[in-house]
Amino acid sequence: MAEEKVARNQDVKLKLRKEQLDILKKKVRVGEVSVHKEVRTEEKTIVVPVTTVELVIERKVFDPDNPDSLNGKMEAMRIPISKELIEIVKHPTLLEDINIYKRKFQKIDHIKKTLKSEKIHVDTTGNAKVINKEGEKNNPRH
């Protein structure tokens with residue numbers, strides 16, 4: 001604070017000031033999130049039994065010269081009549097249910113600042129007396 005000396009017959013104007021706080025908030029980015037699904041592939045080997053149905057015709061040919069002989073000639077005919085074919089059907093199965101959302105919340109920050117305030121002080125010399133002090137009525141004392 002600057003001190004002002006008042007000379008006789010000179011008017012002086014003083015402006016008293018005090019500091020006040022203006023609270024400003026600004027939004028800053030503190031992080032970034034990227035969410036994506038990753039598709040992974042995996043080879044699977046599955047053993048599947050497959051059935052085939054065939055008609056078998058067996059023929060045993062005997063020697064006409066020796067019909068009682070157990071040494072006949074064996075012939076077989078195989079005719080496939082049905083078989084199972086493998087059909088693969090893939091279908092998605094739900095593994096997880098994931099929710100992604102933003103959540104806002106507030107917290108209270110306590111901020112301490114020191115503020116300055118100016119007050120006038122009157123110093124007198126000689127017989128100068130202060131007639132009107134702060135808090136007293138406007139009636140001067142005699």
# chains A, B, ... in the order shown; residues from 1 in each chain; ligands from 1
>>> closest_atom_pairs(of="region 6-87 of chain A", to="region 92-115 of chain A", cutoff="8 Å", atoms="only C-alpha atoms", output="CSV")
residue,atom,partner,partner_atom,distance
A:Lys18,CA,A:Leu115,CA,7.4
A:Glu19,CA,A:Leu115,CA,5.4
A:Gln20,CA,A:Leu115,CA,6.9
>>> write_last_selection(atoms="C-alpha atoms", output="mmCIF file, in the first residue's frame")
data_model
loop_
_atom_site.group_PDB
_atom_site.id
_atom_site.type_symbol
_atom_site.label_atom_id
_atom_site.label_comp_id
_atom_site.auth_asym_id
_atom_site.auth_seq_id
_atom_site.Cartn_x
_atom_site.Cartn_y
_atom_site.Cartn_z
ATOM 1 C CA LYS A 18 -9.816 -5.797 -1.879
ATOM 2 C CA GLU A 19 -9.241 -9.046 -3.702
ATOM 3 C CA GLN A 20 -12.144 -11.321 -4.571
#
>>> residues_around(residues="Leu55 (chain A)", least_positions_apart="6", cutoff="12 Å", atoms="only C-alpha atoms", output="list in words")
Ala76, Met77, Arg78, Ile79, Pro80, Ile81, Ser82 and Lys83 of chain A
>>> write_last_selection(atoms="C-alpha atoms", output="PDB file, in the first residue's frame")
ATOM      1  CA  ALA A  76     -18.174-111.399 -51.509  1.00  0.00           C
ATOM      2  CA  MET A  77     -19.942-108.474 -53.069  1.00  0.00           C
ATOM      3  CA  ARG A  78     -20.327-105.281 -51.127  1.00  0.00           C
ATOM      4  CA  ILE A  79     -22.888-102.704 -52.165  1.00  0.00           C
ATOM      5  CA  PRO A  80     -23.106 -99.482 -50.142  1.00  0.00           C
ATOM      6  CA  ILE A  81     -26.729 -98.541 -49.580  1.00  0.00           C
ATOM      7  CA  SER A  82     -26.453 -95.618 -47.135  1.00  0.00           C
ATOM      8  CA  LYS A  83     -23.910 -93.562 -45.267  1.00  0.00           C
TER       9      LYS A  83
END
>>> select_by_dssp(residues="chain A", states="strand (DSSP E or B)", output="list in words")
Lys18, Thr52, Val53, Glu54, Leu55, Val56, Ile57, Glu58, Arg59, Lys60, Val61, Lys73, Met74, Glu75, Ala76, Met77, Arg78, Ile79, Pro80, Ile81, Ser82, Lys83 and Ser117 of chain A
>>> closest_residue(among="A:His36, A:Lys13, A:Arg29, A:Lys73", to="Glu58 (chain A)", atoms="only C-alpha atoms")
A:Lys73
>>> closest_residue(among="A:Val12, A:Val122, A:Val33, A:Val50", to="Leu85 (chain A)", atoms="only C-alpha atoms")
A:Val50
>>> residues_around(residues="Glu84 (chain A)", least_positions_apart="5", cutoff="9 Å", atoms="only C-alpha atoms", output="ChimeraX atom specification")
/A:50-53
>>> decode(residues="region 39-117 of chain A", atoms="C-alpha atoms", output="mmCIF file, in the first residue's frame")
data_model
loop_
_atom_site.group_PDB
_atom_site.id
_atom_site.type_symbol
_atom_site.label_atom_id
_atom_site.label_comp_id
_atom_site.auth_asym_id
_atom_site.auth_seq_id
_atom_site.Cartn_x
_atom_site.Cartn_y
_atom_site.Cartn_z
ATOM 1 C CA VAL A 39 -12.042 -61.890 -33.016
ATOM 2 C CA ARG A 40 -9.741 -64.811 -32.382
ATOM 3 C CA THR A 41 -9.681 -67.980 -34.444
ATOM 4 C CA GLU A 42 -8.918 -71.453 -33.245
ATOM 5 C CA GLU A 43 -8.563 -74.688 -35.150
ATOM 6 C CA LYS A 44 -10.522 -77.589 -33.653
ATOM 7 C CA THR A 45 -10.259 -81.234 -34.547
ATOM 8 C CA ILE A 46 -13.336 -83.233 -33.668
ATOM 9 C CA VAL A 47 -13.648 -86.990 -33.982
ATOM 10 C CA VAL A 48 -17.048 -87.935 -35.360
ATOM 11 C CA PRO A 49 -17.989 -91.594 -35.940
ATOM 12 C CA VAL A 50 -19.664 -91.994 -39.360
ATOM 13 C CA THR A 51 -21.778 -95.052 -40.138
ATOM 14 C CA THR A 52 -21.992 -96.599 -43.576
ATOM 15 C CA VAL A 53 -24.478 -99.364 -44.337
ATOM 16 C CA GLU A 54 -23.639 -101.785 -47.073
ATOM 17 C CA LEU A 55 -25.276 -104.891 -48.348
ATOM 18 C CA VAL A 56 -22.896 -107.815 -48.350
ATOM 19 C CA ILE A 57 -23.533 -110.828 -50.531
ATOM 20 C CA GLU A 58 -21.245 -113.736 -49.777
ATOM 21 C CA ARG A 59 -20.916 -116.655 -52.099
ATOM 22 C CA LYS A 60 -19.075 -119.839 -51.428
ATOM 23 C CA VAL A 61 -18.316 -121.815 -54.517
ATOM 24 C CA PHE A 62 -17.568 -125.497 -54.023
ATOM 25 C CA ASP A 63 -15.720 -127.821 -56.234
ATOM 26 C CA PRO A 64 -18.338 -129.699 -58.228
ATOM 27 C CA ASP A 65 -16.115 -132.737 -58.275
ATOM 28 C CA ASN A 66 -15.900 -132.827 -54.526
ATOM 29 C CA PRO A 67 -19.106 -131.263 -53.022
ATOM 30 C CA ASP A 68 -18.367 -132.433 -49.483
ATOM 31 C CA SER A 69 -15.054 -130.670 -49.415
ATOM 32 C CA LEU A 70 -14.757 -127.808 -46.899
ATOM 33 C CA ASN A 71 -12.354 -126.004 -49.194
ATOM 34 C CA GLY A 72 -14.765 -123.864 -51.143
ATOM 35 C CA LYS A 73 -13.894 -120.620 -52.851
ATOM 36 C CA MET A 74 -15.373 -117.562 -51.077
ATOM 37 C CA GLU A 75 -16.570 -114.513 -52.994
ATOM 38 C CA ALA A 76 -18.174 -111.399 -51.509
ATOM 39 C CA MET A 77 -19.942 -108.474 -53.069
ATOM 40 C CA ARG A 78 -20.327 -105.281 -51.127
ATOM 41 C CA ILE A 79 -22.888 -102.704 -52.165
ATOM 42 C CA PRO A 80 -23.106 -99.482 -50.142
ATOM 43 C CA ILE A 81 -26.729 -98.541 -49.580
ATOM 44 C CA SER A 82 -26.453 -95.618 -47.135
ATOM 45 C CA LYS A 83 -23.910 -93.562 -45.267
ATOM 46 C CA GLU A 84 -23.902 -90.647 -42.873
ATOM 47 C CA LEU A 85 -22.662 -87.330 -44.180
ATOM 48 C CA ILE A 86 -21.230 -84.792 -41.789
ATOM 49 C CA GLU A 87 -22.889 -81.398 -41.800
ATOM 50 C CA ILE A 88 -21.316 -78.670 -39.712
ATOM 51 C CA VAL A 89 -23.447 -75.783 -38.504
ATOM 52 C CA LYS A 90 -21.856 -72.974 -36.495
ATOM 53 C CA HIS A 91 -23.989 -70.780 -34.263
ATOM 54 C CA PRO A 92 -23.036 -67.964 -31.876
ATOM 55 C CA THR A 93 -23.270 -68.543 -28.144
ATOM 56 C CA LEU A 94 -23.450 -65.669 -25.651
ATOM 57 C CA LEU A 95 -20.341 -65.576 -23.456
ATOM 58 C CA GLU A 96 -20.657 -62.232 -21.663
ATOM 59 C CA ASP A 97 -23.011 -59.276 -21.503
ATOM 60 C CA ILE A 98 -20.942 -56.085 -21.305
ATOM 61 C CA ASN A 99 -22.328 -52.601 -20.580
ATOM 62 C CA ILE A 100 -20.213 -49.571 -21.460
ATOM 63 C CA TYR A 101 -21.405 -46.180 -20.255
ATOM 64 C CA LYS A 102 -20.205 -42.869 -18.894
ATOM 65 C CA ARG A 103 -20.798 -41.966 -15.266
ATOM 66 C CA LYS A 104 -20.585 -38.468 -13.862
ATOM 67 C CA PHE A 105 -19.981 -37.746 -10.214
ATOM 68 C CA GLN A 106 -18.997 -34.717 -8.225
ATOM 69 C CA LYS A 107 -16.537 -34.352 -5.438
ATOM 70 C CA ILE A 108 -15.859 -31.311 -3.325
ATOM 71 C CA ASP A 109 -12.408 -29.730 -3.510
ATOM 72 C CA HIS A 110 -11.396 -27.373 -0.730
ATOM 73 C CA ILE A 111 -9.262 -24.537 -2.028
ATOM 74 C CA LYS A 112 -7.527 -22.105 0.319
ATOM 75 C CA LYS A 113 -6.417 -18.696 -0.949
ATOM 76 C CA THR A 114 -5.241 -15.602 0.905
ATOM 77 C CA LEU A 115 -7.048 -12.431 -0.125
ATOM 78 C CA LYS A 116 -5.769 -8.909 0.468
ATOM 79 C CA SER A 117 -7.945 -6.013 1.570
#
